[in-house]
>>> print(open('data35.csv').read())   # CSV, C-alpha atoms
chain,number,residue,atom,x,y,z
Y,1,MET,CA,-18.7,-21.6,-45.1
Y,2,LYS,CA,-18.6,-22.6,-48.8
Y,3,THR,CA,-21.5,-24.3,-50.6
Y,4,LYS,CA,-21.2,-28.0,-51.4
Y,5,SER,CA,-23.6,-27.9,-54.3
Y,6,LEU,CA,-22.6,-29.7,-57.5
Y,7,ARG,CA,-23.7,-26.7,-59.6
Y,8,ILE,CA,-20.7,-25.1,-61.4
Y,9,THR,CA,-21.7,-21.6,-62.3
Y,10,VAL,CA,-20.1,-18.2,-62.5
Y,11,THR,CA,-21.3,-17.6,-58.9
Y,12,MET,CA,-18.9,-20.3,-57.8
Y,13,ILE,CA,-16.1,-17.8,-58.2
Y,14,VAL,CA,-17.7,-15.6,-55.7
Y,15,LEU,CA,-18.7,-18.4,-53.3
Y,16,LEU,CA,-15.1,-19.6,-53.2
Y,17,VAL,CA,-14.1,-16.5,-51.3
Y,18,ILE,CA,-17.2,-16.1,-49.2
Y,19,SER,CA,-17.1,-17.3,-45.6
Y,20,CYS,CA,-19.5,-16.8,-42.7
Y,21,ASP,CA,-19.4,-16.5,-39.0
Y,22,GLU,CA,-15.6,-16.3,-38.7
Y,23,PRO,CA,-13.2,-13.7,-37.4
Y,24,GLU,CA,-11.3,-11.4,-39.7
Y,25,THR,CA,-7.7,-12.5,-39.2
Y,26,ILE,CA,-4.4,-11.1,-40.2
Y,27,VAL,CA,-1.0,-12.8,-39.5
Y,28,THR,CA,2.1,-10.5,-39.5
Y,29,ASN,CA,5.6,-12.0,-39.7
Y,30,TYR,CA,8.4,-9.8,-38.4
Y,31,VAL,CA,11.5,-11.4,-39.9
Y,32,HIS,CA,14.8,-10.9,-38.0
Y,33,PRO,CA,18.3,-11.0,-39.6
Y,34,ASP,CA,19.1,-14.2,-37.7
Y,35,GLY,CA,16.2,-16.0,-39.2
Y,36,SER,CA,14.0,-15.9,-36.1
Y,37,VAL,CA,10.4,-14.6,-36.7
Y,38,THR,CA,8.1,-12.7,-34.4
Y,39,ARG,CA,4.7,-13.8,-35.5
Y,40,LYS,CA,1.6,-11.6,-34.5
Y,41,ILE,CA,-2.0,-12.6,-35.1
Y,42,GLU,CA,-4.9,-10.2,-34.8
Y,43,MET,CA,-8.5,-11.6,-34.9
Y,44,ARG,CA,-11.4,-9.2,-35.0
Y,45,PHE,CA,-15.0,-10.5,-34.6
Y,46,VAL,CA,-18.5,-9.1,-34.0
Y,47,LYS,CA,-19.0,-11.6,-31.2
Y,48,ASN,CA,-17.0,-12.5,-28.2
Y,49,GLU,CA,-16.8,-16.1,-29.4
Y,50,PHE,CA,-13.3,-17.2,-30.4
Y,51,ASN,CA,-13.4,-20.9,-30.7
Y,52,PRO,CA,-9.9,-22.5,-31.1
Y,53,LYS,CA,-11.3,-25.1,-33.5
Y,54,ASP,CA,-12.2,-22.2,-35.8
Y,55,TYR,CA,-8.9,-20.4,-35.8
Y,56,GLN,CA,-7.6,-19.9,-39.4
Y,57,VAL,CA,-4.0,-20.2,-38.2
Y,58,PRO,CA,-2.5,-22.1,-35.3
Y,59,PHE,CA,-1.7,-20.6,-31.9
Y,60,ASP,CA,-2.0,-21.9,-28.4
Y,61,THR,CA,-1.3,-21.2,-24.8
Y,62,SER,CA,2.4,-20.7,-25.4
Y,63,TRP,CA,1.6,-17.4,-27.1
Y,64,ARG,CA,1.2,-14.1,-25.4
Y,65,VAL,CA,-2.5,-13.3,-25.8
Y,66,LYS,CA,-4.3,-10.0,-25.2
Y,67,ASP,CA,-8.1,-9.5,-25.5
Y,68,SER,CA,-9.7,-6.1,-26.0
Y,69,ILE,CA,-13.0,-4.4,-27.1
Y,70,GLU,CA,-13.4,-1.6,-29.6
Y,71,ILE,CA,-16.6,0.4,-29.9
Y,72,SER,CA,-17.2,2.5,-33.1
Y,73,GLU,CA,-18.8,5.9,-33.2
Y,74,LYS,CA,-22.0,4.2,-34.2
Y,75,GLY,CA,-21.9,2.0,-31.1
Y,76,ASP,CA,-20.9,-1.2,-32.9
Y,77,THR,CA,-18.8,-3.5,-30.8
Y,78,THR,CA,-15.8,-5.4,-32.1
Y,79,TRP,CA,-14.0,-8.0,-30.0
Y,80,VAL,CA,-10.2,-8.2,-30.7
Y,81,LYS,CA,-7.9,-11.0,-29.9
Y,82,LYS,CA,-4.1,-10.5,-30.3
Y,83,ALA,CA,-1.5,-13.1,-30.0
Y,84,GLU,CA,2.3,-12.9,-30.3
Y,85,LYS,CA,5.2,-15.4,-30.3
Y,86,THR,CA,8.8,-15.4,-31.4
Y,87,PHE,CA,9.8,-18.6,-33.3
Y,88,PRO,CA,13.6,-19.5,-33.5
Y,89,ASP,CA,13.3,-20.3,-37.2
Y,90,ALA,CA,11.0,-20.8,-40.1
Y,91,ALA,CA,11.0,-24.6,-39.6
Y,92,SER,CA,9.3,-24.0,-36.2
Y,93,ILE,CA,6.4,-22.2,-37.9
Y,94,THR,CA,6.1,-25.0,-40.4
Y,95,SER,CA,6.0,-27.5,-37.6
Y,96,ALA,CA,3.1,-25.5,-36.0
Y,97,TYR,CA,1.2,-25.8,-39.3
Y,98,LYS,CA,1.8,-29.5,-39.5
Y,99,ASN,CA,0.5,-30.0,-35.9
Y,100,ASP,CA,-2.5,-27.7,-36.4
Y,101,THR,CA,-5.9,-29.3,-35.5
Y,102,ALA,CA,-8.1,-26.3,-36.3
Y,103,VAL,CA,-10.3,-25.7,-39.3
Y,104,ASN,CA,-7.5,-25.2,-41.9
Y,105,SER,CA,-5.4,-28.1,-40.6
Y,106,GLY,CA,-5.9,-30.2,-43.8
Y,107,PHE,CA,-4.0,-27.9,-46.0
Y,108,ASP,CA,-0.3,-28.0,-46.8
Y,109,ARG,CA,1.3,-24.8,-45.4
Y,110,SER,CA,5.0,-24.1,-44.8
Y,111,VAL,CA,7.4,-21.3,-44.2
Y,112,TYR,CA,10.9,-20.7,-45.6
Y,113,PHE,CA,13.8,-18.4,-44.8
Y,114,GLU,CA,17.1,-17.9,-46.8
Y,115,LYS,CA,20.0,-15.7,-45.9
Y,116,HIS,CA,23.0,-15.0,-48.2
Y,117,PHE,CA,26.1,-13.1,-47.3
Y,118,ARG,CA,27.4,-10.9,-50.2
Y,119,TRP,CA,30.2,-9.1,-48.3
Y,120,PHE,CA,28.9,-5.5,-48.7
Y,121,ASN,CA,25.3,-6.7,-48.3
Y,122,THR,CA,23.3,-9.5,-46.7
Y,123,GLU,CA,20.3,-10.7,-48.7
Y,124,TYR,CA,17.2,-12.3,-47.2
Y,125,ARG,CA,14.2,-14.2,-48.6
Y,126,PHE,CA,11.1,-15.1,-46.6
Y,127,ALA,CA,8.1,-17.0,-47.9
Y,128,GLU,CA,4.9,-18.7,-46.8
Y,129,LYS,CA,3.6,-21.4,-49.2
Y,130,VAL,CA,0.3,-23.2,-49.4
Y,131,GLY,CA,0.4,-26.4,-51.5
Y,132,LYS,CA,-2.1,-26.8,-54.4
Y,133,ILE,CA,-5.3,-28.8,-53.8
Y,134,MET,CA,-5.9,-30.3,-57.2
Y,135,GLN,CA,-3.1,-32.6,-58.6
Y,136,HIS,CA,-4.5,-32.7,-62.1
Y,137,GLY,CA,-6.0,-29.3,-62.6
Y,138,TYR,CA,-4.5,-26.7,-64.9
Y,139,PRO,CA,-2.5,-23.6,-63.8
Y,140,VAL,CA,-4.6,-20.4,-63.8
Y,141,SER,CA,-1.6,-18.8,-65.5
Y,142,ASP,CA,-2.6,-20.8,-68.6
Y,143,TYR,CA,-5.8,-18.8,-68.7
Y,144,LEU,CA,-4.8,-15.4,-67.3
Y,145,SER,CA,-1.8,-13.3,-67.9
Y,146,GLY,CA,-0.3,-9.9,-67.0
Y,147,ASP,CA,-2.8,-7.5,-65.5
Y,148,GLU,CA,-5.4,-10.3,-65.3
Y,149,LEU,CA,-3.2,-12.4,-63.0
Y,150,GLN,CA,-2.4,-9.3,-60.9
Y,151,TRP,CA,-6.1,-8.8,-60.4
Y,152,PHE,CA,-6.7,-12.4,-59.6
Y,153,TYR,CA,-4.1,-12.5,-56.8
Y,154,SER,CA,-4.9,-9.0,-55.4
Y,155,PRO,CA,-6.7,-8.5,-52.1
Y,156,GLN,CA,-10.5,-7.9,-52.4
Y,157,GLU,CA,-10.2,-4.4,-50.9
Y,158,LEU,CA,-7.9,-3.3,-53.7
Y,159,ARG,CA,-10.3,-4.7,-56.3
Y,160,ASP,CA,-13.2,-2.9,-54.6
Y,161,LYS,CA,-11.2,0.4,-54.6
Y,162,GLN,CA,-10.7,0.1,-58.3
Y,163,MET,CA,-14.3,-0.9,-58.9
Y,164,ASN,CA,-15.5,2.2,-57.1
Y,165,SER,CA,-13.0,4.6,-58.8
Y,166,ALA,CA,-13.6,7.0,-61.6
Y,167,ASP,CA,-12.7,4.1,-64.0
Y,168,SER,CA,-15.3,1.8,-62.5
Y,169,LEU,CA,-16.9,0.9,-65.8
Y,170,LYS,CA,-13.5,-0.2,-67.2
Y,171,TYR,CA,-12.8,-2.3,-64.2
Y,172,LYS,CA,-16.3,-3.8,-64.2
Y,173,HIS,CA,-15.7,-5.0,-67.8
Y,174,PHE,CA,-12.2,-6.2,-66.9
Y,175,SER,CA,-13.6,-8.1,-63.9
Y,176,ASP,CA,-16.3,-9.7,-66.0
Y,177,THR,CA,-13.8,-10.9,-68.6
Y,178,ILE,CA,-11.6,-12.5,-65.9
Y,179,ASP,CA,-14.7,-14.2,-64.4
Y,180,LYS,CA,-15.4,-15.9,-67.8
Y,181,LYS,CA,-11.8,-17.0,-68.1
Y,182,THR,CA,-11.6,-18.3,-64.6
Y,183,GLU,CA,-14.9,-20.2,-65.0
Y,184,LYS,CA,-13.3,-22.0,-68.0
Y,185,TRP,CA,-10.2,-22.7,-65.9
Y,186,MET,CA,-12.3,-24.2,-63.1
Y,187,VAL,CA,-14.5,-26.3,-65.3
Y,188,GLU,CA,-11.5,-27.7,-67.3
Y,189,SER,CA,-9.6,-28.3,-64.0
Y,190,VAL,CA,-12.5,-30.1,-62.4
Y,191,PHE,CA,-13.1,-32.2,-65.5
Y,192,SER,CA,-9.4,-33.2,-65.6
Y,193,GLU,CA,-9.4,-34.0,-61.9
Y,194,TRP,CA,-12.6,-36.1,-62.5
Y,195,ILE,CA,-11.0,-38.1,-65.4
Y,196,ALA,CA,-8.0,-38.9,-63.2
Y,197,GLY,CA,-10.2,-40.0,-60.3
Y,198,PHE,CA,-12.5,-41.9,-62.6
Y,199,SER,CA,-9.5,-43.7,-64.1
Y,200,ASN,CA,-8.2,-44.8,-60.7
Y,201,LEU,CA,-11.6,-46.1,-59.5
Y,202,THR,CA,-12.3,-48.1,-62.7
Y,203,ALA,CA,-8.8,-49.5,-63.1
Y,204,GLY,CA,-8.9,-53.2,-64.1
Y,205,LYS,CA,-12.6,-53.1,-64.8
Y,206,GLY,CA,-12.4,-52.8,-68.6
Y,207,SER,CA,-12.5,-49.0,-68.8
Y,208,GLU,CA,-9.3,-48.4,-70.7
Y,209,ASN,CA,-11.0,-47.4,-74.0
Y,210,VAL,CA,-13.4,-45.1,-72.1
Y,211,ILE,CA,-10.6,-43.4,-70.2
Y,212,GLY,CA,-8.5,-43.0,-73.4
Y,213,ASP,CA,-11.4,-41.4,-75.2
Y,214,LEU,CA,-12.0,-39.0,-72.3
Y,215,LYS,CA,-8.4,-37.9,-72.2
Y,216,SER,CA,-8.1,-37.4,-75.9
Y,217,ARG,CA,-11.3,-35.3,-76.0
Y,218,GLU,CA,-10.8,-33.5,-72.7
Y,219,LYS,CA,-10.8,-30.0,-74.1
Y,220,GLU,CA,-13.7,-30.7,-76.4
Y,221,LEU,CA,-15.8,-32.2,-73.7
Y,222,SER,CA,-15.0,-29.4,-71.3
Y,223,GLU,CA,-16.3,-26.9,-73.9
Y,224,MET,CA,-19.5,-29.0,-74.2
Y,225,ILE,CA,-20.0,-28.9,-70.5
Y,226,LEU,CA,-19.6,-25.1,-70.5
Y,227,GLU,CA,-22.0,-24.6,-73.4
Y,228,ARG,CA,-24.8,-27.1,-72.6
Y,229,TYR,CA,-24.9,-28.0,-68.9
Y,230,MET,CA,-23.9,-25.1,-66.7
Y,231,GLU,CA,-27.4,-23.8,-65.8
Y,232,LYS,CA,-28.8,-27.2,-64.8
Y,233,TRP,CA,-25.7,-29.1,-63.8
Y,234,ASP,CA,-27.2,-30.8,-60.6
Y,235,SER,CA,-30.3,-32.3,-62.2
Y,236,LEU,CA,-28.6,-33.2,-65.5
Y,237,TRP,CA,-25.8,-35.1,-63.7
Y,238,GLU,CA,-28.2,-36.7,-61.2
Y,239,HIS,CA,-30.4,-38.1,-64.1
Y,240,GLY,CA,-27.3,-39.4,-65.9
Y,241,ILE,CA,-27.7,-37.1,-68.9
Y,242,ILE,CA,-24.3,-35.6,-68.7
Y,243,LEU,CA,-22.5,-38.9,-68.1
Y,244,ASN,CA,-24.4,-40.5,-71.1
Y,245,ASP,CA,-23.1,-37.8,-73.4
Y,246,LEU,CA,-19.6,-38.1,-72.0
Y,247,ILE,CA,-19.1,-41.9,-72.2
Y,248,GLY,CA,-22.2,-43.4,-73.8
Y,249,LYS,CA,-25.3,-44.9,-72.2
Y,250,ASP,CA,-23.9,-48.5,-71.7
Y,251,ASN,CA,-20.6,-47.3,-70.1
Y,252,ALA,CA,-22.6,-44.8,-68.0
Y,253,GLU,CA,-24.7,-47.6,-66.6
Y,254,LYS,CA,-21.7,-49.8,-66.0
Y,255,PHE,CA,-19.5,-47.2,-64.3
Y,256,ARG,CA,-22.1,-44.9,-62.7
Y,257,THR,CA,-21.0,-45.5,-59.1
Y,258,GLU,CA,-17.3,-44.7,-59.9
Y,259,ALA,CA,-18.3,-41.7,-62.0
Y,260,ASP,CA,-20.4,-40.2,-59.1
Y,261,SER,CA,-17.7,-40.9,-56.5
Y,262,SER,CA,-14.9,-39.3,-58.6
Y,263,MET,CA,-17.1,-36.3,-59.5
Y,264,GLY,CA,-18.0,-35.8,-55.8
Y,265,ILE,CA,-14.3,-35.8,-54.9
Y,266,ALA,CA,-13.4,-33.3,-57.7
Y,267,ILE,CA,-16.2,-30.9,-56.7
Y,268,LYS,CA,-15.2,-31.1,-53.1
Y,269,GLU,CA,-11.6,-30.2,-54.1
Y,270,LEU,CA,-13.0,-27.2,-56.0
Y,271,MET,CA,-15.0,-26.0,-53.1
Y,272,PRO,CA,-12.9,-26.8,-50.0
Y,273,ASP,CA,-14.0,-25.7,-46.5
Y,274,PHE,CA,-11.1,-23.3,-46.1
Y,275,ARG,CA,-11.4,-20.2,-43.8
Y,276,ASP,CA,-9.8,-17.2,-45.4
Y,277,TYR,CA,-7.3,-14.9,-43.8
Y,278,LYS,CA,-4.5,-12.5,-44.7
Y,279,VAL,CA,-0.7,-12.5,-44.3
Y,280,SER,CA,1.6,-9.5,-43.9
Y,281,THR,CA,5.4,-9.6,-43.7
Y,282,VAL,CA,8.0,-7.1,-42.4
Y,283,MET,CA,11.5,-7.8,-43.7
Y,284,PRO,CA,14.9,-6.7,-42.2
Y,285,GLY,CA,16.5,-3.8,-44.1
Y,286,ARG,CA,15.4,-2.6,-47.5
Y,287,LEU,CA,12.7,-4.4,-49.4
Y,288,THR,CA,14.1,-5.4,-52.9
Y,289,GLY,CA,11.4,-7.7,-54.3
Y,290,THR,CA,8.0,-9.2,-53.5
Y,291,ASN,CA,4.8,-10.6,-55.1
Y,292,GLY,CA,2.7,-9.0,-52.3
Y,293,PHE,CA,0.5,-6.0,-52.4
Y,294,SER,CA,0.7,-2.7,-50.3
Y,295,ASP,CA,-2.5,-1.6,-48.6
Y,296,SER,CA,-3.5,2.0,-47.9
Y,297,THR,CA,-0.9,2.2,-45.1
Y,298,GLY,CA,1.9,0.7,-47.1
Y,299,VAL,CA,1.8,-2.6,-45.3
Y,300,LEU,CA,2.8,-5.6,-47.4
Y,301,LEU,CA,-0.2,-7.9,-47.7
Y,302,TRP,CA,-1.4,-11.1,-49.3
Y,303,PRO,CA,-4.9,-12.7,-49.3
Y,304,VAL,CA,-5.1,-16.4,-48.4
Y,305,THR,CA,-8.2,-17.8,-50.2
Y,306,SER,CA,-8.6,-21.3,-51.6
Y,307,ASP,CA,-9.0,-20.3,-55.2
Y,308,LEU,CA,-5.4,-18.9,-55.1
Y,309,PHE,CA,-3.9,-22.4,-54.5
Y,310,LEU,CA,-6.5,-24.5,-56.2
Y,311,THR,CA,-4.3,-25.8,-59.0
Y,312,GLN,CA,-0.9,-24.2,-58.3
Y,313,ASP,CA,1.2,-23.8,-55.1
Y,314,TYR,CA,0.7,-20.4,-53.7
Y,315,GLU,CA,3.9,-18.7,-52.5
Y,316,MET,CA,3.9,-15.4,-50.7
Y,317,TRP,CA,7.4,-14.1,-50.8
Y,318,ALA,CA,9.5,-11.1,-50.0
Y,319,GLU,CA,13.2,-10.3,-50.4
Y,320,SER,CA,15.3,-7.6,-48.8
Y,321,LYS,CA,18.9,-6.6,-48.0
Y,322,THR,CA,20.9,-4.9,-45.3
Y,323,SER,CA,24.2,-3.1,-45.7
Y,324,ASN,CA,27.2,-4.6,-43.9
Y,325,THR,CA,28.8,-1.4,-42.6
Y,326,TRP,CA,31.8,-3.3,-41.1
Y,327,ALA,CA,32.5,-4.7,-44.6
Y,328,TRP,CA,32.6,-1.2,-46.1
Y,329,VAL,CA,35.0,-0.1,-43.2
Y,330,ILE,CA,37.3,-3.0,-43.7
Y,331,SER,CA,37.3,-2.6,-47.4
Y,332,ALA,CA,38.0,1.1,-47.1
Y,333,VAL,CA,40.9,0.5,-44.6
Y,334,PHE,CA,42.3,-2.2,-46.9
Y,335,ILE,CA,42.2,0.0,-49.9
Y,336,GLY,CA,43.7,2.8,-47.9
Y,337,PHE,CA,46.7,0.5,-47.0
Y,338,VAL,CA,47.1,-0.5,-50.6
Y,339,LEU,CA,47.1,3.1,-51.9
Y,340,THR,CA,49.4,4.2,-49.1
Y,341,GLY,CA,51.8,1.4,-50.0
Y,342,LEU,CA,51.7,2.3,-53.7
Y,343,ALA,CA,52.3,5.9,-52.9
Y,344,ILE,CA,55.4,5.1,-50.8
Y,345,ARG,CA,56.8,2.8,-53.5
Y,346,ILE,CA,56.3,5.5,-56.2
Y,347,LYS,CA,57.9,8.1,-53.9
Y,348,LYS,CA,60.9,5.9,-53.3
Y,349,GLY,CA,61.2,5.1,-57.0
>>> encode(input="data35.csv", output="structure tokens")
Amino acid sequence: MKTKSLRITVTMIVLLVISCDEPETIVTNYVHPDGSVTRKIEMRFVKNEFNPKDYQVPFDTSWRVKDSIEISEKGDTTWVKKAEKTFPDAASITSAYKNDTAVNSGFDRSVYFEKHFRWFNTEYRFAEKVGKIMQHGYPVSDYLSGDELQWFYSPQELRDKQMNSADSLKYKHFSDTIDKKTEKWMVESVFSEWIAGFSNLTAGKGSENVIGDLKSREKELSEMILERYMEKWDSLWEHGIILNDLIGKDNAEKFRTEADSSMGIAIKELMPDFRDYKVSTVMPGRLTGTNGFSDSTGVLLWPVTSDLFLTQDYEMWAESKTSNTWAWVISAVFIGFVLTGLAIRIKKG
């Protein structure tokens, strides 16, 4: 469960991916050449308490479900719930997301499948997408690039492995650098989102000059927030000090209600109550491209955490191809006929 505090600090980055009292869940998509998908869900929990309202991904009584128990060498008990269902197409999975009523039902999730015949090969693309939360935030790719983005999108277990490697000091410094950049990204995105919400709530109330000034000085004011107010954000906002500095005392008094409401909405979007899980995909044929990560067993894996789709749509995609043996045979036979015909003509000539 995420914190709802208004404090925007570096620890927010950690809090965004921390959840409590929920099963560890992985969804695996087995994509078939005809576009159908066998979807398997595995939930592991330290308690035998699987509440359908808390499921991170939708499944119901139409699925084949199997419950089991695992006991470790230390005597620790893990309850395991496995569910499986074959969907006729990607649209059916999207429909299940749309009709979901569990904890993550308020988020825009969809699935896509494409198939292209290329004579000698057939190409496939499968993707799951989660729509962005903030409509006015900035893409994280504006703040991170290259290896930094790779680290940002990678599963936590891969980060931990690097942090505990022989190059741990290098990765610790690397991680700290990314934390500072992502803090700047979050603050500027929240401020941009707040300006948009504040503008909507004060429309027609004589706030045009105030909104215009905020928009023109957005980057400057974001820097001011980062430098002056981070440590005591809650109390400084509550006492009106931050708002006074942003829009002046008179305007702060006039628009205090709208400012509080729009800031509350922006913070809520930054810290959504999203329950994390993982997605894995198995493609038909040979994998040719993906933005996923391979775990220690070579399984294609993506984390699904709210910071990954905060200001940008988050698409988890994989591409593959299969060889059309019949096309090669037909082509070989055709070429054989052509060559035979040419040989006969040359011989007669």
>>> closest_residue(input="data35.csv", among="Y:Thr182, Y:Ser62, Y:Ser110, Y:Ser199", to="Ser141 of chain Y", atoms="all atoms listed in the file")
Y:Thr182
>>> residues_around(input="data35.csv", residues="segment 35-49 of chain Y", least_positions_apart="2", cutoff="9 Å", atoms="all atoms listed in the file", output="PyMOL selection string")
chain Y and resi 21-33+51+55+57+59+76-90+93+113-115+124
>>> closest_residue(input="data35.csv", among="Y:Asp213, Y:Glu73, Y:Asp34, Y:Asp307", to="Thr122 of chain Y", atoms="all atoms listed in the file")
Y:Asp34
>>> atom_distance(input="data35.csv", atom1="atom CA of Val111 of chain Y", atom2="atom CA of Ala318 of chain Y")
11.9 Å
>>> closest_residue(input="data35.csv", among="Y:Val282, Y:Ala102, Y:Ile247, Y:Leu144", to="Lys215 of chain Y", atoms="all atoms listed in the file")
Y:Ile247
>>> residues_around(input="data35.csv", residues="Trp302 of chain Y", least_positions_apart="3", cutoff="6 Å", atoms="all atoms listed in the file", output="list in words")
Lys278, Val279 and Gly292 of chain Y
>>> write_last_selection(input="data35.csv", atoms="C-alpha atoms", output="PDB file, in the coordinates of the input")
ATOM      1  CA  LYS Y 278      -4.500 -12.500 -44.700  1.00  0.00           C
ATOM      2  CA  VAL Y 279      -0.700 -12.500 -44.300  1.00  0.00           C
ATOM      3  CA  GLY Y 292       2.700  -9.000 -52.300  1.00  0.00           C
TER       4      GLY Y 292
END
>>> residues_around(input="data35.csv", residues="Asp147 of chain Y", least_positions_apart="6", cutoff="12 Å", atoms="only C-alpha atoms", output="PDB file with C-alpha atoms, keeping the file's coordinate frame")
ATOM      1  CA  SER Y 141      -1.600 -18.800 -65.500  1.00  0.00           C
ATOM      2  CA  TYR Y 153      -4.100 -12.500 -56.800  1.00  0.00           C
ATOM      3  CA  SER Y 154      -4.900  -9.000 -55.400  1.00  0.00           C
ATOM      4  CA  TYR Y 171     -12.800  -2.300 -64.200  1.00  0.00           C
ATOM      5  CA  PHE Y 174     -12.200  -6.200 -66.900  1.00  0.00           C
ATOM      6  CA  SER Y 175     -13.600  -8.100 -63.900  1.00  0.00           C
ATOM      7  CA  THR Y 177     -13.800 -10.900 -68.600  1.00  0.00           C
ATOM      8  CA  ILE Y 178     -11.600 -12.500 -65.900  1.00  0.00           C
TER       9      ILE Y 178
END
>>> atom_distance(input="data35.csv", atom1="atom CA of Glu223 of chain Y", atom2="atom CA of Met186 of chain Y")
11.8 Å
>>> residues_near_point(input="data35.csv", point="(-16.1, -28.8, -76.5)", cutoff="12 Å", atoms="only C-alpha atoms", output="ChimeraX atom specification")
/Y:184,187-188,191,214,216-229,245-246
>>> write_last_selection(input="data35.csv", atoms="C-alpha atoms", output="PDB file, in the coordinates of the input")
ATOM      1  CA  LYS Y 184     -13.300 -22.000 -68.000  1.00  0.00           C
ATOM      2  CA  VAL Y 187     -14.500 -26.300 -65.300  1.00  0.00           C
ATOM      3  CA  GLU Y 188     -11.500 -27.700 -67.300  1.00  0.00           C
ATOM      4  CA  PHE Y 191     -13.100 -32.200 -65.500  1.00  0.00           C
ATOM      5  CA  LEU Y 214     -12.000 -39.000 -72.300  1.00  0.00           C
ATOM      6  CA  SER Y 216      -8.100 -37.400 -75.900  1.00  0.00           C
ATOM      7  CA  ARG Y 217     -11.300 -35.300 -76.000  1.00  0.00           C
ATOM      8  CA  GLU Y 218     -10.800 -33.500 -72.700  1.00  0.00           C
ATOM      9  CA  LYS Y 219     -10.800 -30.000 -74.100  1.00  0.00           C
ATOM     10  CA  GLU Y 220     -13.700 -30.700 -76.400  1.00  0.00           C
ATOM     11  CA  LEU Y 221     -15.800 -32.200 -73.700  1.00  0.00           C
ATOM     12  CA  SER Y 222     -15.000 -29.400 -71.300  1.00  0.00           C
ATOM     13  CA  GLU Y 223     -16.300 -26.900 -73.900  1.00  0.00           C
ATOM     14  CA  MET Y 224     -19.500 -29.000 -74.200  1.00  0.00           C
ATOM     15  CA  ILE Y 225     -20.000 -28.900 -70.500  1.00  0.00           C
ATOM     16  CA  LEU Y 226     -19.600 -25.100 -70.500  1.00  0.00           C
ATOM     17  CA  GLU Y 227     -22.000 -24.600 -73.400  1.00  0.00           C
ATOM     18  CA  ARG Y 228     -24.800 -27.100 -72.600  1.00  0.00           C
ATOM     19  CA  TYR Y 229     -24.900 -28.000 -68.900  1.00  0.00           C
ATOM     20  CA  ASP Y 245     -23.100 -37.800 -73.400  1.00  0.00           C
ATOM     21  CA  LEU Y 246     -19.600 -38.100 -72.000  1.00  0.00           C
TER      22      LEU Y 246
END
>>> atom_distance(input="data35.csv", atom1="atom CA of Phe293 of chain Y", atom2="atom CA of Pro155 of chain Y")
7.6 Å
>>> closest_residue(input="data35.csv", among="Y:Leu342, Y:Ala266, Y:Arg275, Y:Lys181", to="Ser145 of chain Y", atoms="only C-alpha atoms")
Y:Lys181
>>> residues_around(input="data35.csv", residues="Glu253 of chain Y", least_positions_apart="4", cutoff="9 Å", atoms="all atoms listed in the file", output="list in words")
Gly240, Asn244, Gly248, Lys249 and Thr257 of chain Y
>>> closest_residue(input="data35.csv", among="Y:Gln162, Y:Asn251, Y:Asn104, Y:Thr290", to="Asn209 of chain Y", atoms="all atoms listed in the file")
Y:Asn251
